[in-house]
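Have a look at the structure below, then the notes.
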Amino acid sequence: MIEDILDELESGTKCVLLHVNADPDALGCAMALSLVFPNVSIGAVGGLSKNGKLLQRRLGLEVIEEPEISIYDKIVVVDCASSERLGRYQEKLTNPIVIDHHQNNYDWNTKLSFVDEKKSSCGELVYQILKQGKKRITHSVGLALLTGILTDTGKFTHADAGTLKTFAQIMEESGVDMDEVLSIFAEEHETDYSRRISRLKGAQRLRYQSTGGFIVALSQVGSFESSVCGAILSLGADCAFVGSQRDDVFRISGRATQTLVKNGFTLGNLMTDIANENGCEGGGHDGAAGINGVGDVEAMLNICMKRALDAVKDMPGY
């Protein structure tokens with residue numbers, strides 16, 4: 001399958017499509033592909049996340065917002081848990097090349113895909129493709145992939161031994177130092193007043209319940225949901241759900257500790273089920289997932305908490 005993907009990437013014009021609010025893992029994969037293969041453009045559906053913009057600023061590669069995909073010979077989709085996350089482009093796709101690592105990602109109408117849900121990041125899959133194709137991992141390619149892997153694993157919180165080995169290999173081959181990867185976000189983390197305020201508000205509005213010695217918490221903020229989730233876990237929760245509401249549209253980020261995951265908790269499956277039952281978009285990984293759609297965020301947060309508590313009770317050895 002990888003050989004077939006390599007053959008397709010070597011010829012024709014290609015656009016790598018990114019999901020809505022694309023994160024550094026998605027953008028890093030697209031950037032790596034655009035730097036290695038000929039005639040590759042990067043298309044952002046609904047723009048980049050804040051961290052995605054920081055990576056783009058560092059590498060200086062062009063990202064086309066709302067691209068006209070009909071002008072390309074081939075479309076590549078990376079790091080996209082569901083075709084629904086491509087918005088209006090979902091209906092326009094014809095046999096795209098799919099590279100992804102999310103759970104339950106089988107709704108693509110394609111004959112050519114490389115999906116491995118055991119990987120902690122999509123960057124690991126792109127690196128595997130490049131290595132099999134005997135492509136040189138330049139400094140810029142390495143920086144793009146390393147940044148995506150680091151952020152998608154929560155700075156290795158959700159990484160396994162294979163991820164760490166791949167990360168080290170990319171560092172060695174590209175000559176990128178760890179300080180350089182971390183520096184992309186250093187200024188943002190130190191000076192982002194709004195993010196810190198969101199974390200404090202999230203703690204102020206926090207509610208929690210416990211069962212079996214595990215704590216499930218929820219909160220609501222205006223933005224930076226995933227960052228607030230991480231802050232709540234650091235306060236002592238085992239699982240956190242943080243939501244925001246804009247008009248009739250809500251967004252919820254979920255995070256779970258590795259201790260909870262090792263006990264059999266699978267946040268990605270839980271969020272996928274909730275999304276399917278409520279006509280929303282959702283999914284992710286065992287320790288990090290999300291859901292978004294039209295509805296009331298408070299009601300959806302309550303559903304998330306109840307389902308998480310039920311899932312804890314169903315874990316082996318409860």
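Identifiers in the structure tokens: chain A, B, ... in order shown; residue index from 1 per chain; ligand index from 1 in order shown.
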message: I need the residues of stretch 235-289 of chain A that end up classed as strand (DSSP E) by DSSP on the backbone, written out as a PyMOL selection string.
response: chain A and resi 239-246+249-256+281-284+288-289
Could you save the residues just selected, with all heavy atoms, as a compact mmCIF listing (two decimals), in the first residue's frame?
```
# COMPACT_ATOMS: atom_id res chain seq x y z
N CYS A 239 -10.12 12.35 34.02
CA CYS A 239 -10.74 12.61 32.72
C CYS A 239 -11.39 13.98 32.78
O CYS A 239 -12.04 14.32 33.77
CB CYS A 239 -11.78 11.53 32.39
SG CYS A 239 -12.63 11.77 30.80
N ALA A 240 -11.21 14.77 31.72
CA ALA A 240 -11.78 16.12 31.70
C ALA A 240 -12.45 16.40 30.37
O ALA A 240 -11.96 15.99 29.31
CB ALA A 240 -10.68 17.16 31.95
N PHE A 241 -13.58 17.08 30.43
CA PHE A 241 -14.29 17.55 29.25
C PHE A 241 -14.49 19.05 29.38
O PHE A 241 -15.01 19.53 30.39
CB PHE A 241 -15.66 16.88 29.12
CG PHE A 241 -15.60 15.39 28.98
CD1 PHE A 241 -15.82 14.57 30.08
CD2 PHE A 241 -15.32 14.79 27.76
CE1 PHE A 241 -15.77 13.20 29.97
CE2 PHE A 241 -15.27 13.41 27.64
CZ PHE A 241 -15.49 12.61 28.75
N VAL A 242 -14.07 19.79 28.37
CA VAL A 242 -14.21 21.25 28.40
C VAL A 242 -14.87 21.69 27.10
O VAL A 242 -14.41 21.34 26.00
CB VAL A 242 -12.85 21.94 28.56
CG1 VAL A 242 -13.02 23.46 28.50
CG2 VAL A 242 -12.19 21.54 29.87
N GLY A 243 -15.94 22.46 27.24
CA GLY A 243 -16.70 22.87 26.07
C GLY A 243 -16.81 24.37 25.91
O GLY A 243 -16.59 25.13 26.85
N SER A 244 -17.16 24.78 24.69
CA SER A 244 -17.43 26.19 24.40
C SER A 244 -18.66 26.27 23.51
O SER A 244 -18.99 25.31 22.80
CB SER A 244 -16.23 26.85 23.70
OG SER A 244 -16.00 26.26 22.43
N GLN A 245 -19.34 27.41 23.54
CA GLN A 245 -20.55 27.62 22.76
C GLN A 245 -20.43 28.90 21.96
O GLN A 245 -20.11 29.96 22.50
CB GLN A 245 -21.77 27.71 23.69
CG GLN A 245 -23.10 27.81 22.97
CD GLN A 245 -23.72 26.45 22.70
OE1 GLN A 245 -23.81 25.61 23.60
NE2 GLN A 245 -24.18 26.22 21.48
N ARG A 246 -20.68 28.82 20.66
CA ARG A 246 -20.74 30.00 19.81
C ARG A 246 -22.03 29.94 19.02
O ARG A 246 -22.18 29.12 18.13
CB ARG A 246 -19.53 30.06 18.88
CG ARG A 246 -18.20 30.27 19.62
CD ARG A 246 -17.02 30.20 18.66
NE ARG A 246 -15.75 30.40 19.36
CZ ARG A 246 -15.08 29.46 20.00
NH1 ARG A 246 -15.59 28.23 20.05
NH2 ARG A 246 -13.94 29.72 20.60
N VAL A 249 -23.60 26.55 17.88
CA VAL A 249 -22.55 25.55 17.63
C VAL A 249 -21.71 25.36 18.89
O VAL A 249 -21.30 26.33 19.53
CB VAL A 249 -21.65 25.98 16.46
CG1 VAL A 249 -20.52 24.99 16.26
CG2 VAL A 249 -22.47 26.12 15.18
N PHE A 250 -21.45 24.12 19.25
CA PHE A 250 -20.62 23.82 20.41
C PHE A 250 -19.38 23.06 19.99
O PHE A 250 -19.33 22.45 18.91
CB PHE A 250 -21.39 23.00 21.46
CG PHE A 250 -21.61 21.56 21.06
CD1 PHE A 250 -20.66 20.59 21.36
CD2 PHE A 250 -22.75 21.17 20.37
CE1 PHE A 250 -20.83 19.27 20.98
CE2 PHE A 250 -22.94 19.85 20.00
CZ PHE A 250 -21.99 18.90 20.31
N ARG A 251 -18.39 23.09 20.87
CA ARG A 251 -17.16 22.30 20.67
C ARG A 251 -16.70 21.81 22.03
O ARG A 251 -16.66 22.57 23.00
CB ARG A 251 -16.07 23.14 20.02
CG ARG A 251 -14.80 22.36 19.67
CD ARG A 251 -13.89 23.15 18.78
NE ARG A 251 -13.36 24.34 19.43
CZ ARG A 251 -12.66 25.28 18.79
NH1 ARG A 251 -12.46 25.17 17.49
NH2 ARG A 251 -12.19 26.33 19.44
N ILE A 252 -16.34 20.52 22.11
CA ILE A 252 -15.89 19.93 23.36
C ILE A 252 -14.58 19.19 23.13
O ILE A 252 -14.46 18.40 22.19
CB ILE A 252 -16.93 18.95 23.94
CG1 ILE A 252 -18.21 19.69 24.32
CG2 ILE A 252 -16.36 18.21 25.16
CD1 ILE A 252 -19.33 18.77 24.77
N SER A 253 -13.60 19.44 23.98
CA SER A 253 -12.35 18.68 23.99
C SER A 253 -12.35 17.77 25.19
O SER A 253 -12.84 18.14 26.27
CB SER A 253 -11.15 19.62 24.07
OG SER A 253 -10.95 20.30 22.85
N GLY A 254 -11.82 16.58 25.03
CA GLY A 254 -11.73 15.62 26.13
C GLY A 254 -10.31 15.11 26.27
O GLY A 254 -9.60 14.93 25.28
N ARG A 255 -9.89 14.90 27.50
CA ARG A 255 -8.58 14.34 27.78
C ARG A 255 -8.69 13.33 28.92
O ARG A 255 -9.51 13.49 29.82
CB ARG A 255 -7.58 15.44 28.18
CG ARG A 255 -7.29 16.47 27.11
CD ARG A 255 -6.49 15.86 25.97
NE ARG A 255 -6.11 16.88 24.99
CZ ARG A 255 -6.86 17.28 23.98
NH1 ARG A 255 -8.07 16.75 23.82
NH2 ARG A 255 -6.43 18.19 23.13
N ALA A 256 -7.85 12.31 28.86
CA ALA A 256 -7.81 11.30 29.92
C ALA A 256 -6.36 10.99 30.24
O ALA A 256 -5.49 11.03 29.37
CB ALA A 256 -8.53 10.02 29.48
N GLU A 281 -20.08 15.54 14.98
CA GLU A 281 -18.80 15.03 14.53
C GLU A 281 -17.92 14.81 15.74
O GLU A 281 -17.84 15.67 16.61
CB GLU A 281 -18.13 16.03 13.59
CG GLU A 281 -18.93 16.34 12.34
CD GLU A 281 -18.28 17.44 11.52
OE1 GLU A 281 -17.09 17.71 11.76
OE2 GLU A 281 -18.96 18.03 10.66
N GLY A 282 -17.25 13.67 15.81
CA GLY A 282 -16.40 13.42 16.96
C GLY A 282 -15.54 12.20 16.82
O GLY A 282 -15.77 11.35 15.96
N GLY A 283 -14.53 12.10 17.67
CA GLY A 283 -13.62 10.97 17.67
C GLY A 283 -12.26 11.39 18.19
O GLY A 283 -12.10 12.50 18.69
N GLY A 284 -11.30 10.51 18.05
CA GLY A 284 -9.95 10.82 18.52
C GLY A 284 -9.21 9.59 18.95
O GLY A 284 -9.35 8.51 18.36
N ALA A 288 -7.11 11.37 24.10
CA ALA A 288 -7.45 12.72 23.64
C ALA A 288 -8.46 12.63 22.51
O ALA A 288 -8.23 11.92 21.53
CB ALA A 288 -6.20 13.46 23.18
N ALA A 289 -9.57 13.34 22.65
CA ALA A 289 -10.62 13.27 21.64
C ALA A 289 -11.46 14.53 21.70
O ALA A 289 -11.28 15.38 22.58
CB ALA A 289 -11.48 12.03 21.86
```
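Residue nearest A:Ala217 within the list A:Cys15, A:Met305, A:Val294, A:Ile137: A:Met305 [criterion: smallest interatomic distance, only C-alpha atoms].
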query: From the list A:Asp314, A:Ala159, A:Leu35, A:Asp7, which residue is nearest A:Gln132 when using only C-alpha atoms?
result: A:Asp7
query: With distances taken over only C-alpha atoms, which of A:Ser226, A:Thr166, A:Ser210, A:Thr157 is nearest to A:Asp23?
result: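 Counting only C-alpha atoms, the residue closest to A:Asp23 is A:Ser226.
Comparing the minimum interatomic distances between A:Leu27 and each of A:Tyr72, A:Thr151, A:Lys134, A:Ala299, counting only C-alpha atoms, we find that A:Thr151 sits nearest.
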- prompt: When DSSP works through the backbone of this structure, what residues of stretch 8-131 of chain A end up as alpha helix (DSSP H), shown as a ChimeraX atom specification?
  reply: /A:8-10,24-36,50-59,122-131
May I have the residues from that selection written out with N, CA, C and O atoms, as a compact mmCIF listing (two decimals), in the first residue's frame?
```
# COMPACT_ATOMS: atom_id res chain seq x y z
N GLU A 8 1.84 7.39 -6.52
CA GLU A 8 0.87 8.46 -6.78
C GLU A 8 1.44 9.83 -6.44
O GLU A 8 1.16 10.82 -7.14
N LEU A 9 2.23 9.91 -5.38
CA LEU A 9 2.77 11.20 -4.96
C LEU A 9 3.87 11.72 -5.89
O LEU A 9 4.15 12.93 -5.89
N GLU A 10 4.46 10.86 -6.66
CA GLU A 10 5.55 11.27 -7.54
C GLU A 10 5.06 11.96 -8.81
O GLU A 10 5.83 12.64 -9.49
N PRO A 24 -0.89 21.21 14.43
CA PRO A 24 0.46 21.02 13.89
C PRO A 24 0.73 19.63 13.33
O PRO A 24 1.57 19.48 12.44
N ASP A 25 0.06 18.60 13.83
CA ASP A 25 0.28 17.27 13.28
C ASP A 25 -0.21 17.20 11.84
O ASP A 25 0.49 16.73 10.95
N ALA A 26 -1.43 17.70 11.60
CA ALA A 26 -1.97 17.72 10.24
C ALA A 26 -1.11 18.60 9.34
O ALA A 26 -0.71 18.19 8.24
N LEU A 27 -0.82 19.82 9.80
CA LEU A 27 -0.04 20.75 8.98
C LEU A 27 1.38 20.24 8.77
O LEU A 27 1.93 20.36 7.67
N GLY A 28 1.99 19.67 9.81
CA GLY A 28 3.34 19.16 9.69
C GLY A 28 3.44 18.05 8.66
O GLY A 28 4.40 18.00 7.87
N CYS A 29 2.43 17.17 8.62
CA CYS A 29 2.41 16.11 7.61
C CYS A 29 2.31 16.69 6.21
O CYS A 29 3.01 16.27 5.29
N ALA A 30 1.41 17.66 6.05
CA ALA A 30 1.23 18.29 4.74
C ALA A 30 2.49 19.00 4.30
O ALA A 30 2.90 18.94 3.13
N MET A 31 3.13 19.70 5.23
CA MET A 31 4.36 20.41 4.90
C MET A 31 5.47 19.45 4.49
O MET A 31 6.21 19.69 3.53
N ALA A 32 5.59 18.35 5.22
CA ALA A 32 6.62 17.36 4.89
C ALA A 32 6.40 16.81 3.48
O ALA A 32 7.35 16.70 2.69
N LEU A 33 5.16 16.48 3.16
CA LEU A 33 4.86 15.95 1.82
C LEU A 33 5.14 17.00 0.75
O LEU A 33 5.66 16.67 -0.33
N SER A 34 4.82 18.26 1.03
CA SER A 34 5.03 19.32 0.03
C SER A 34 6.51 19.60 -0.19
O SER A 34 6.91 20.05 -1.26
N LEU A 35 7.33 19.36 0.83
CA LEU A 35 8.77 19.60 0.72
C LEU A 35 9.51 18.47 0.01
O LEU A 35 10.59 18.67 -0.54
N VAL A 36 8.91 17.28 0.03
CA VAL A 36 9.59 16.10 -0.52
C VAL A 36 9.14 15.78 -1.94
O VAL A 36 9.96 15.42 -2.80
N LYS A 50 -4.32 27.87 16.31
CA LYS A 50 -3.32 28.84 16.72
C LYS A 50 -1.92 28.25 16.64
O LYS A 50 -0.99 28.89 16.14
N ASN A 51 -1.76 27.00 17.13
CA ASN A 51 -0.45 26.37 17.05
C ASN A 51 -0.06 26.05 15.62
O ASN A 51 1.12 26.06 15.26
N GLY A 52 -1.07 25.74 14.79
CA GLY A 52 -0.80 25.52 13.39
C GLY A 52 -0.23 26.76 12.72
O GLY A 52 0.70 26.69 11.90
N LYS A 53 -0.77 27.92 13.09
CA LYS A 53 -0.28 29.18 12.53
C LYS A 53 1.16 29.45 12.96
O LYS A 53 1.95 30.01 12.20
N LEU A 54 1.49 29.04 14.19
CA LEU A 54 2.86 29.24 14.67
C LEU A 54 3.85 28.40 13.86
O LEU A 54 4.94 28.85 13.52
N LEU A 55 3.46 27.16 13.54
CA LEU A 55 4.31 26.30 12.72
C LEU A 55 4.45 26.86 11.31
O LEU A 55 5.54 26.86 10.73
N GLN A 56 3.34 27.33 10.75
CA GLN A 56 3.40 27.91 9.41
C GLN A 56 4.32 29.13 9.39
O GLN A 56 5.11 29.33 8.46
N ARG A 57 4.23 29.95 10.43
CA ARG A 57 5.07 31.14 10.50
C ARG A 57 6.55 30.76 10.56
O ARG A 57 7.39 31.42 9.94
N ARG A 58 6.87 29.68 11.26
CA ARG A 58 8.27 29.28 11.38
C ARG A 58 8.83 28.77 10.06
O ARG A 58 9.93 29.13 9.66
N LEU A 59 8.06 27.93 9.37
CA LEU A 59 8.57 27.33 8.13
C LEU A 59 8.29 28.18 6.91
O LEU A 59 8.95 28.02 5.87
N CYS A 122 -0.08 11.27 13.23
CA CYS A 122 -0.04 11.02 11.79
C CYS A 122 1.37 11.22 11.25
O CYS A 122 1.76 10.61 10.25
N GLY A 123 2.16 12.07 11.92
CA GLY A 123 3.52 12.31 11.49
C GLY A 123 4.36 11.04 11.43
O GLY A 123 5.26 10.91 10.58
N GLU A 124 4.07 10.10 12.33
CA GLU A 124 4.81 8.83 12.31
C GLU A 124 4.53 8.05 11.04
O GLU A 124 5.41 7.37 10.50
N LEU A 125 3.30 8.14 10.53
CA LEU A 125 2.94 7.43 9.30
C LEU A 125 3.59 8.08 8.10
O LEU A 125 4.08 7.38 7.20
N VAL A 126 3.61 9.41 8.06
CA VAL A 126 4.25 10.10 6.95
C VAL A 126 5.75 9.80 6.94
O VAL A 126 6.35 9.57 5.88
N TYR A 127 6.35 9.76 8.12
CA TYR A 127 7.78 9.41 8.21
C TYR A 127 8.01 8.00 7.67
O TYR A 127 8.98 7.75 6.95
N GLN A 128 7.12 7.08 7.99
CA GLN A 128 7.23 5.71 7.50
C GLN A 128 7.17 5.67 5.97
O GLN A 128 7.92 4.93 5.32
N ILE A 129 6.28 6.48 5.40
CA ILE A 129 6.18 6.56 3.95
C ILE A 129 7.46 7.10 3.34
O ILE A 129 7.99 6.57 2.37
N LEU A 130 7.98 8.18 3.94
CA LEU A 130 9.20 8.79 3.41
C LEU A 130 10.39 7.84 3.52
O LEU A 130 11.23 7.77 2.62
N LYS A 131 10.49 7.11 4.61
CA LYS A 131 11.59 6.17 4.78
C LYS A 131 11.51 5.03 3.78
O LYS A 131 12.53 4.62 3.22
```
Residues near A:Tyr89, anyone? I mean within 10 Å using only C-alpha atoms, not counting same-chain ones fewer than 6 positions away, as a short mmCIF file (atom, residue, chain, number, x, y, z; two decimals) with all heavy atoms, in the first residue's frame.
```cif
data_model
loop_
_atom_site.label_atom_id
_atom_site.label_comp_id
_atom_site.auth_asym_id
_atom_site.auth_seq_id
_atom_site.Cartn_x
_atom_site.Cartn_y
_atom_site.Cartn_z
N LEU A 17 -5.23 18.17 1.73
CA LEU A 17 -6.31 18.86 2.44
C LEU A 17 -6.18 18.66 3.95
O LEU A 17 -5.94 17.55 4.42
CB LEU A 17 -7.67 18.31 1.99
CG LEU A 17 -8.32 18.91 0.75
CD1 LEU A 17 -9.71 18.32 0.58
CD2 LEU A 17 -8.41 20.43 0.83
N HIS A 19 -8.00 19.23 7.82
CA HIS A 19 -9.30 19.36 8.47
C HIS A 19 -9.49 20.75 9.07
O HIS A 19 -8.55 21.53 9.21
CB HIS A 19 -9.47 18.29 9.55
CG HIS A 19 -8.43 18.35 10.63
ND1 HIS A 19 -8.42 19.32 11.60
CD2 HIS A 19 -7.36 17.55 10.89
CE1 HIS A 19 -7.41 19.13 12.43
NE2 HIS A 19 -6.74 18.06 12.01
N VAL A 45 -8.96 23.76 5.16
CA VAL A 45 -10.41 23.84 5.20
C VAL A 45 -10.80 24.50 6.52
O VAL A 45 -10.65 23.91 7.58
CB VAL A 45 -11.05 22.44 5.10
CG1 VAL A 45 -12.56 22.55 5.19
CG2 VAL A 45 -10.63 21.75 3.82
N GLU A 66 -9.40 27.47 1.66
CA GLU A 66 -10.52 27.10 0.80
C GLU A 66 -10.07 26.90 -0.65
O GLU A 66 -10.51 27.59 -1.57
CB GLU A 66 -11.62 28.17 0.88
CG GLU A 66 -12.07 28.50 2.28
CD GLU A 66 -12.63 27.29 3.01
OE1 GLU A 66 -13.28 26.43 2.37
OE2 GLU A 66 -12.41 27.19 4.23
N PRO A 67 -9.21 25.92 -0.91
CA PRO A 67 -8.68 25.71 -2.26
C PRO A 67 -9.74 25.19 -3.23
O PRO A 67 -10.73 24.57 -2.82
CB PRO A 67 -7.59 24.66 -2.04
CG PRO A 67 -8.08 23.89 -0.86
CD PRO A 67 -8.72 24.90 0.04
N GLU A 68 -9.51 25.42 -4.50
CA GLU A 68 -10.36 24.86 -5.55
C GLU A 68 -9.77 23.50 -5.94
O GLU A 68 -8.83 23.43 -6.74
CB GLU A 68 -10.40 25.81 -6.75
CG GLU A 68 -11.23 25.28 -7.92
CD GLU A 68 -12.62 24.82 -7.49
OE1 GLU A 68 -13.39 25.68 -7.01
OE2 GLU A 68 -12.91 23.61 -7.63
N ILE A 69 -10.32 22.44 -5.38
CA ILE A 69 -9.68 21.13 -5.53
C ILE A 69 -9.84 20.54 -6.92
O ILE A 69 -9.12 19.60 -7.28
CB ILE A 69 -10.19 20.15 -4.46
CG1 ILE A 69 -11.68 19.89 -4.61
CG2 ILE A 69 -9.86 20.65 -3.06
CD1 ILE A 69 -12.20 18.83 -3.66
N SER A 83 -14.46 12.11 7.23
CA SER A 83 -14.65 12.98 6.07
C SER A 83 -15.54 14.17 6.40
O SER A 83 -15.47 15.21 5.74
CB SER A 83 -15.27 12.17 4.92
OG SER A 83 -16.52 11.61 5.31
#
```
- prompt: Do you have the atom CA of A:Gly175-atom CA of A:Leu146 distance handy?
  reply: 11.3 Å
task: Fewer than 2 positions away in the same chain doesn't count, so skip those; otherwise give me all residues within 9 Å of A:Gly212, counting only C-alpha atoms, as a PyMOL selection string.
output: chain A and resi 210+214-215+312-313+318
Write the residues you've just listed into a file as a PDB file, in the first residue's frame, and include N, CA and C atoms for each of them.
```
ATOM      1  N   SER A 210     -16.875  11.401  40.991  1.00  0.00           N
ATOM      2  CA  SER A 210     -15.884  10.333  41.064  1.00  0.00           C
ATOM      3  C   SER A 210     -16.561   8.985  41.200  1.00  0.00           C
ATOM      4  N   PHE A 214     -11.624   7.125  40.483  1.00  0.00           N
ATOM      5  CA  PHE A 214     -11.292   7.973  39.342  1.00  0.00           C
ATOM      6  C   PHE A 214     -12.201   9.200  39.316  1.00  0.00           C
ATOM      7  N   ILE A 215     -11.639  10.336  38.926  1.00  0.00           N
ATOM      8  CA  ILE A 215     -12.372  11.600  38.927  1.00  0.00           C
ATOM      9  C   ILE A 215     -12.616  12.063  37.495  1.00  0.00           C
ATOM     10  N   VAL A 312     -16.033   4.010  33.083  1.00  0.00           N
ATOM     11  CA  VAL A 312     -15.138   3.654  34.192  1.00  0.00           C
ATOM     12  C   VAL A 312     -15.687   2.454  34.939  1.00  0.00           C
ATOM     13  N   LYS A 313     -16.986   2.434  35.162  1.00  0.00           N
ATOM     14  CA  LYS A 313     -17.603   1.328  35.874  1.00  0.00           C
ATOM     15  C   LYS A 313     -17.515   0.016  35.111  1.00  0.00           C
ATOM     16  N   TYR A 318     -13.116  -3.119  37.986  1.00  0.00           N
ATOM     17  CA  TYR A 318     -13.793  -2.036  38.723  1.00  0.00           C
ATOM     18  C   TYR A 318     -14.426  -2.576  39.998  1.00  0.00           C
TER      19      TYR A 318
END
```
Test item: residues at most 12 Å from A:Lys201, only C-alpha atoms, excluding those fewer than 6 positions along its chain, as a VMD selection string: chain A and resid 194 to 195 219 to 225 227 to 229 231 to 232 242
Those residues with C-alpha atoms, as a compact mmCIF listing (two decimals), in the first residue's frame please?
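Resulting contents of again.txt:
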```
# COMPACT_ATOMS: atom_id res chain seq x y z
CA SER A 194 -5.98 34.91 27.02
CA ARG A 195 -5.00 31.26 27.34
CA SER A 219 -16.06 22.85 32.58
CA GLN A 220 -17.08 25.50 30.06
CA VAL A 221 -14.99 28.33 28.61
CA GLY A 222 -14.99 30.65 25.64
CA SER A 223 -11.88 29.25 23.96
CA PHE A 224 -8.72 27.14 24.42
CA GLU A 225 -10.71 24.04 25.35
CA SER A 227 -5.48 23.72 26.99
CA VAL A 228 -8.03 23.97 29.80
CA CYS A 229 -8.48 20.18 29.67
CA ALA A 231 -4.89 22.18 33.18
CA ILE A 232 -7.77 20.29 34.79
CA VAL A 242 -14.21 21.25 28.40
```
query: Which neighbours of A:Asn21 fall inside 8 Å, counting only C-alpha atoms, when residues of the same chain fewer than 5 positions from it are skipped, and could you give them as a list in words?
result: Val45, Gly46, Gly47, Leu48 and Ser49 of chain A
message: Env of A:Gln90: 12 Å cut, atoms = only C-alpha atoms, seq-sep filter 2 positions within chain, self excluded. Answer as a PyMOL selection string.
response: chain A and resi 17-20+45+69+75+77+80+82-88+92-96+107-109
task: Would you mind reading off the distance between atom CA of A:Phe156 and atom CA of A:Lys119, one decimal, in Å?
output: 12.3 Å
